[in-house]
Amino acid sequence: ADQLPLWEWDSTAGLGSDRSQQQQQHRAVQPVRKGFIDSVGNTPLIRLNKVSELTGCEIYGKAEFLNPGGSVKDRAALYIIKDAEEKGILKPGGVIVEGTAGNTGIGLALVANAKGYKTVIVIPKTQSQEKKDMLRIAGATLVEVPAVPYKNPNNYVRYSGRLAEALAQSHPGGAIWGNQFDNVANRRAHYETTGPEIWEQTGGRIDGFVCAIGTGGTLAGVGKYLKEKNPNVRIGMADPMGACMYNYYASGVLESSGNSISEGIGQGRVTANLEGWGLPARDGGVVDFWCQVTDEEALPLVYDLLKEEGFCMGGSTGINIGGAVKLAKELGPGHTIVTILCDLGTRYQGKIFNVDFLKSKNLPYPQWLEPGFKDID
Ligand code: PMP
């Protein structure tokens with residue numbers, strides 16, 4: 001009786017039923033998607049078996065890596081572009097300029113291709129080669145800048161803002177700045193799509209949601225929606241080391257310690273997407289659980305998920321699952337917790353799946369990752 005409803009289809013068509021009948025049911029609720037834009041969202045919710053058994057909770061991952069651009073950021077990219085179109089500031093032939101760790105840029109570039117815009121993407125040099133390659137393949141004009149803190153005017157976000165302003169003047173088609181950190185079209189994507197999907201997929205039987213903060217759009221949008229549906233749903237923030245948000249949520253001080261190799265997450269300021277919605281109750285927000293997750297905790301979760309369950313995920317997903325395990329321990333067995341599977345590990349092959357890189361960072365890695373490792377004689 002405690003099983004999840006399997007989408008809208010008859011639950012008797014679930015596990016153990018005749019396969020062809022199951023496929024037929026599946027087809028009935030998966031209409032043809034009318035192109036790229038229509039393919040964003042409506043991702044599956046997947047039970048993470050090992051951590052569920054470990055904690056006695058039901059821990060589910062929202063499979064955002066199955067978005068057509070390969071990450072959770074496709075949703076924000078689509079909303080940012082739609083918002084600019086609706087406001088009349090993005091016109092045919094226009095350019096979208098954005099500062100991004102990569103995934104938002106990939107989403108923007110692909111949505112832009114589908115809609116006939118151009119993209120200029122400003123990315124810190126430190127981000128993975130795989131993401132930069134994907135951006136080039138997608139047709140974005142790439143501007144690589146040194147990784148410097150936000151207070152530095154040459155920080156990738158601030159640099160992209162200035163570039164957008166200049167292009168808006170000089171480019172015949174005009175230009176807009178995506179501004180994902182402070183453009184609340186980002187969190188609206190998650191409030192209007194990700195949150196409702198999670199609520200429906202769990203049939204409202206959800207006790208907790210947890211994820212890390214990049215822009216804060218996912219945490220704020222999903223958290224706000226779920227809290228409105230049921231104020232008892234715990235909304236959790238999982239912070240990588242080196243970010244400032246854990247200390248901010250715990251004591252109001254933006255202070256960081258340590259370091260993380262995770263990409264796309266780790267914030268040092270209160271973004272507009274976090275304002276209100278994504279903050280603790282004292283700041284008018286809905287977040288009521290926070291924790292830090294180290295790379296040493298997160299990476300083994302990523303490796304086990306690949307080796308024991310078959311899902312190859314990026315580092316931020318490891319931080320998210322670590323947060324879900326910590327929230328599960330706080331709530332105790334028997335609860336249902338949802339987190340985000342942000343993107344595929346293939347976007348970071350040269351880093352979190354590269355022994356030389358891991359050794360250089362003094363991080364743990366499983367024996368099977370060694371080049372030349374043979375699993376069978
Ligand atoms: N994981 C990855 C891999 C990302 O690229 C991002 C977005 N930068 C996030 C997590 C965080 O999502 P959000 O911006 O909604 O906080």
# chains A, B, ... in the order shown; residues from 1 in each chain; ligands from 1
$ closest_atom_pairs --of "segment 92-173 of chain A" --to "segment 57-72 of chain A" --cutoff "7 Å" --atoms "only C-alpha atoms" --output "tab-separated table"
residue	atom	partner	partner_atom	distance
A:Asn103	CA	A:Ser71	CA	6.4
A:Ile106	CA	A:Gly69	CA	6.5
A:Gly107	CA	A:Gly69	CA	5.5
A:Leu110	CA	A:Gly69	CA	6.8
$ write_last_selection --atoms "N, CA and C atoms" --output "PDB file, in the first residue's frame"
ATOM      1  N   ASN A 103      26.472  23.824 -17.438  1.00  0.00           N
ATOM      2  CA  ASN A 103      25.190  23.198 -17.764  1.00  0.00           C
ATOM      3  C   ASN A 103      24.119  24.193 -18.212  1.00  0.00           C
ATOM      4  N   ILE A 106      24.914  25.021 -21.739  1.00  0.00           N
ATOM      5  CA  ILE A 106      24.529  23.954 -22.670  1.00  0.00           C
ATOM      6  C   ILE A 106      23.022  24.016 -22.918  1.00  0.00           C
ATOM      7  N   GLY A 107      22.253  24.155 -21.852  1.00  0.00           N
ATOM      8  CA  GLY A 107      20.795  24.268 -21.996  1.00  0.00           C
ATOM      9  C   GLY A 107      20.411  25.473 -22.844  1.00  0.00           C
ATOM     10  N   LEU A 110      21.297  24.996 -26.585  1.00  0.00           N
ATOM     11  CA  LEU A 110      20.422  24.049 -27.298  1.00  0.00           C
ATOM     12  C   LEU A 110      19.017  24.627 -27.484  1.00  0.00           C
TER      13      LEU A 110
END
$ residues_around --residues "segment 222-235 of chain A" --least-positions-apart "4" --cutoff "7 Å" --atoms "only C-alpha atoms" --output "list of chain:residue names"
A:His190, A:Tyr191, A:Thr194, A:Gly195, A:Trp199, A:Ile206, A:Asp207, A:Gly208, A:Phe209, A:Val210, A:Thr218, A:Trp277, A:Val286, A:Val287, A:Asp288, A:Phe289
$ write_last_selection --atoms "C-alpha atoms" --output "PDB file, in the first residue's frame"
ATOM      1  CA  HIS A 190      11.236  24.558 -10.694  1.00  0.00           C
ATOM      2  CA  TYR A 191       8.196  25.986  -8.908  1.00  0.00           C
ATOM      3  CA  THR A 194       9.992  20.171 -11.102  1.00  0.00           C
ATOM      4  CA  GLY A 195       8.074  20.686  -7.847  1.00  0.00           C
ATOM      5  CA  TRP A 199       4.465  15.976  -5.864  1.00  0.00           C
ATOM      6  CA  ILE A 206       6.877  12.847   0.472  1.00  0.00           C
ATOM      7  CA  ASP A 207       8.544  13.740   3.781  1.00  0.00           C
ATOM      8  CA  GLY A 208      11.662  15.511   2.585  1.00  0.00           C
ATOM      9  CA  PHE A 209      13.401  17.126  -0.343  1.00  0.00           C
ATOM     10  CA  VAL A 210      17.071  17.994  -0.385  1.00  0.00           C
ATOM     11  CA  THR A 218      16.137  24.209  -7.826  1.00  0.00           C
ATOM     12  CA  TRP A 277      11.859  31.096  -0.863  1.00  0.00           C
ATOM     13  CA  VAL A 286      11.125  27.309   3.463  1.00  0.00           C
ATOM     14  CA  VAL A 287      14.451  25.568   4.152  1.00  0.00           C
ATOM     15  CA  ASP A 288      14.467  23.807   7.518  1.00  0.00           C
ATOM     16  CA  PHE A 289      17.377  21.373   7.314  1.00  0.00           C
TER      17      PHE A 289
END
$ select_by_dssp --residues "segment 71-277 of chain A" --states "alpha helix (DSSP H)" --output "JSON, numbers by chain"
{"A": [73, 74, 75, 76, 77, 78, 79, 80, 81, 82, 83, 84, 85, 86, 103, 104, 105, 106, 107, 108, 109, 110, 111, 112, 113, 114, 115, 129, 130, 131, 132, 133, 134, 135, 136, 137, 138, 156, 157, 158, 159, 160, 161, 162, 163, 164, 165, 166, 167, 168, 169, 170, 185, 186, 187, 188, 189, 195, 196, 197, 198, 199, 200, 201, 217, 218, 219, 220, 221, 222, 223, 224, 225, 226, 227, 228, 229, 245, 246, 247, 248, 249, 250, 251]}
$ residues_around --residues "Pro333 of chain A" --least-positions-apart "6" --cutoff "10 Å" --atoms "only C-alpha atoms" --output "PyMOL selection string"
chain A and resi 52-58
$ write_last_selection --atoms "C-alpha atoms" --output "compact mmCIF listing (two decimals), in the first residue's frame"
# COMPACT_ATOMS: atom_id res chain seq x y z
CA SER A 52 17.25 3.43 0.65
CA GLU A 53 18.27 0.10 2.16
CA LEU A 54 21.06 1.73 4.13
CA THR A 55 18.76 4.28 5.77
CA GLY A 56 15.43 2.42 5.90
CA CYS A 57 13.91 5.36 4.03
CA GLU A 58 12.66 5.52 0.48
$ residues_near_ligand --ligand "ligand 1" --cutoff "8 Å" --atoms "only C-alpha atoms and all ligand atoms" --output "PyMOL selection string"
chain A and resi 71-73+76+100-104+180-181+186-187+211-219+262-265+314-317+342-343
$ residues_around --residues "segment 245-260 of chain A" --least-positions-apart "3" --cutoff "9 Å" --atoms "only C-alpha atoms" --output "NGL selection string"
:A and (213 or 237-242 or 263 or 266-270 or 279-280 or 287 or 289-292 or 294-295)
$ write_last_selection --atoms "N, CA and C atoms" --output "CSV table (one decimal), in the first residue's frame"
chain,number,residue,atom,x,y,z
A,213,ILE,N,23.1,23.9,-3.6
A,213,ILE,CA,22.8,25.2,-4.3
A,213,ILE,C,23.9,25.6,-5.3
A,237,MET,N,19.0,21.6,2.6
A,237,MET,CA,20.1,22.1,1.7
A,237,MET,C,21.3,21.4,2.1
A,238,ALA,N,22.0,20.8,1.0
A,238,ALA,CA,23.2,20.1,1.2
A,238,ALA,C,24.3,21.0,0.6
A,239,ASP,N,25.3,21.3,1.4
A,239,ASP,CA,26.4,22.3,0.9
A,239,ASP,C,27.7,21.5,0.7
A,240,PRO,N,28.3,21.8,-0.4
A,240,PRO,CA,29.7,21.2,-0.6
A,240,PRO,C,30.7,22.0,0.3
A,241,MET,N,31.8,21.4,0.6
A,241,MET,CA,32.8,22.2,1.4
A,241,MET,C,33.3,23.3,0.5
A,242,GLY,N,33.7,24.4,1.1
A,242,GLY,CA,34.2,25.6,0.3
A,242,GLY,C,33.1,26.6,0.0
A,263,GLU,N,31.3,20.5,-9.4
A,263,GLU,CA,31.1,21.7,-10.3
A,263,GLU,C,29.6,22.0,-10.4
A,266,GLY,N,27.9,25.3,-5.0
A,266,GLY,CA,28.8,26.0,-4.1
A,266,GLY,C,28.7,27.5,-4.2
A,267,GLN,N,27.9,28.1,-3.4
A,267,GLN,CA,27.5,29.5,-3.5
A,267,GLN,C,28.2,30.3,-2.4
A,268,GLY,N,28.5,31.6,-2.7
A,268,GLY,CA,29.1,32.4,-1.7
A,268,GLY,C,28.3,33.6,-1.3
A,269,ARG,N,27.1,33.7,-1.9
A,269,ARG,CA,26.2,34.9,-1.6
A,269,ARG,C,24.8,34.5,-1.7
A,270,VAL,N,23.9,35.4,-1.2
A,270,VAL,CA,22.5,35.1,-1.3
A,270,VAL,C,22.0,35.6,-2.6
A,279,LEU,N,15.6,30.3,1.6
A,279,LEU,CA,16.4,30.6,2.8
A,279,LEU,C,15.7,29.9,4.0
A,280,PRO,N,16.3,30.0,5.2
A,280,PRO,CA,15.6,29.5,6.4
A,280,PRO,C,14.4,30.4,6.7
A,287,VAL,N,13.4,26.6,3.9
A,287,VAL,CA,14.5,25.6,4.2
A,287,VAL,C,14.6,25.3,5.7
A,289,PHE,N,16.3,22.3,7.0
A,289,PHE,CA,17.4,21.4,7.3
A,289,PHE,C,18.6,21.8,6.5
A,290,TRP,N,19.8,21.7,7.1
A,290,TRP,CA,21.0,22.0,6.3
A,290,TRP,C,22.1,21.2,6.8
A,291,CYS,N,23.0,20.8,5.9
A,291,CYS,CA,24.1,20.0,6.2
A,291,CYS,C,25.3,20.2,5.2
A,292,GLN,N,26.5,19.8,5.6
A,292,GLN,CA,27.6,19.9,4.7
A,292,GLN,C,27.9,18.5,4.3
A,294,THR,N,31.0,16.3,2.4
A,294,THR,CA,32.4,16.4,1.9
A,294,THR,C,32.5,15.6,0.6
A,295,ASP,N,33.6,15.9,-0.1
A,295,ASP,CA,33.9,15.1,-1.3
A,295,ASP,C,34.2,13.6,-0.9
$ closest_residue --among "A:Leu331, A:Leu306, A:Val355, A:Val293" --to "Ile319 of chain A" --atoms "only C-alpha atoms"
A:Val293
$ closest_atom_pairs --of "segment 107-135 of chain A" --to "segment 167-170 of chain A" --cutoff "12 Å" --atoms "only C-alpha atoms" --output "Markdown table"
| residue | atom | partner | partner_atom | distance |
| --- | --- | --- | --- | --- |
| A:Lys118 | CA | A:Leu167 | CA | 11.8 |
| A:Thr119 | CA | A:Leu167 | CA | 11.2 |
| A:Val120 | CA | A:Leu167 | CA | 9.8 |
$ residues_around --residues "His171 of chain A" --least-positions-apart "4" --cutoff "10 Å" --atoms "only C-alpha atoms" --output "JSON, numbers by chain"
{"A": [93, 94, 95, 164, 166, 167, 175]}
$ write_last_selection --atoms "N, CA and C atoms" --output "PDB file, in the first residue's frame"
ATOM      1  N   GLY A  93      16.950  36.500 -34.005  1.00  0.00           N
ATOM      2  CA  GLY A  93      18.312  36.928 -34.345  1.00  0.00           C
ATOM      3  C   GLY A  93      19.097  37.427 -33.142  1.00  0.00           C
ATOM      4  N   GLY A  94      18.458  37.477 -31.994  1.00  0.00           N
ATOM      5  CA  GLY A  94      19.100  38.001 -30.793  1.00  0.00           C
ATOM      6  C   GLY A  94      20.121  37.034 -30.196  1.00  0.00           C
ATOM      7  N   VAL A  95      20.945  37.587 -29.305  1.00  0.00           N
ATOM      8  CA  VAL A  95      22.008  36.805 -28.668  1.00  0.00           C
ATOM      9  C   VAL A  95      21.712  36.671 -27.176  1.00  0.00           C
ATOM     10  N   ALA A 164      27.103  41.266 -22.066  1.00  0.00           N
ATOM     11  CA  ALA A 164      25.717  41.340 -22.557  1.00  0.00           C
ATOM     12  C   ALA A 164      25.334  42.789 -22.837  1.00  0.00           C
ATOM     13  N   ALA A 166      27.313  45.286 -23.573  1.00  0.00           N
ATOM     14  CA  ALA A 166      28.036  45.765 -24.760  1.00  0.00           C
ATOM     15  C   ALA A 166      27.392  45.219 -26.033  1.00  0.00           C
ATOM     16  N   LEU A 167      27.070  43.937 -26.024  1.00  0.00           N
ATOM     17  CA  LEU A 167      26.481  43.318 -27.219  1.00  0.00           C
ATOM     18  C   LEU A 167      25.082  43.856 -27.503  1.00  0.00           C
ATOM     19  N   ALA A 175      20.881  41.806 -27.656  1.00  0.00           N
ATOM     20  CA  ALA A 175      21.388  40.756 -26.770  1.00  0.00           C
ATOM     21  C   ALA A 175      20.735  40.871 -25.404  1.00  0.00           C
TER      22      ALA A 175
END
$ closest_residue --among "A:Leu358, A:Gly203, A:Ser39, A:Arg47" --to "Ile321 of chain A" --atoms "only C-alpha atoms"
A:Arg47
$ closest_residue --among "A:Arg347, A:Lys50, A:Asp74, A:Pro172" --to "Met134 of chain A" --atoms "only C-alpha atoms"
A:Arg347
$ select_by_dssp --residues "segment 171-324 of chain A" --states "strand (DSSP E or B)" --output "list of chain:residue names"
A:Ala175, A:Ile176, A:Trp177, A:Gly208, A:Phe209, A:Val210, A:Cys211, A:Arg234, A:Ile235, A:Gly236, A:Met237, A:Ala238, A:Asp239, A:Pro240, A:Pro280, A:Val287, A:Phe289, A:Trp290, A:Cys291, A:Gln292, A:Val293, A:Met313
$ residues_around --residues "Asn183 of chain A" --least-positions-apart "3" --cutoff "12 Å" --atoms "only C-alpha atoms" --output "NGL selection string"
:A and (76-77 or 79-81 or 83-84 or 98 or 176-180 or 186-189 or 215-217 or 271-275)
$ closest_residue --among "A:Ile198, A:Ala114, A:Ile137, A:Ala243" --to "Pro149 of chain A" --atoms "only C-alpha atoms"
A:Ala243
$ atom_distance --atom1 "atom CA of Glu130 of chain A" --atom2 "atom CA of Leu344 of chain A"
11.0 Å
$ residues_around --residues "Ile123 of chain A" --least-positions-apart "5" --cutoff "9 Å" --atoms "only C-alpha atoms" --output "number ranges by chain"
A: 98-102, 105, 132, 142-147, 156-157, 160
$ closest_residue --among "A:Lys351, A:Lys374, A:Arg75, A:Arg205" --to "His335 of chain A" --atoms "only C-alpha atoms"
A:Arg205
$ closest_residue --among "A:Ser128, A:Thr193, A:Gln349, A:Asn152" --to "Val40 of chain A" --atoms "only C-alpha atoms"
A:Thr193
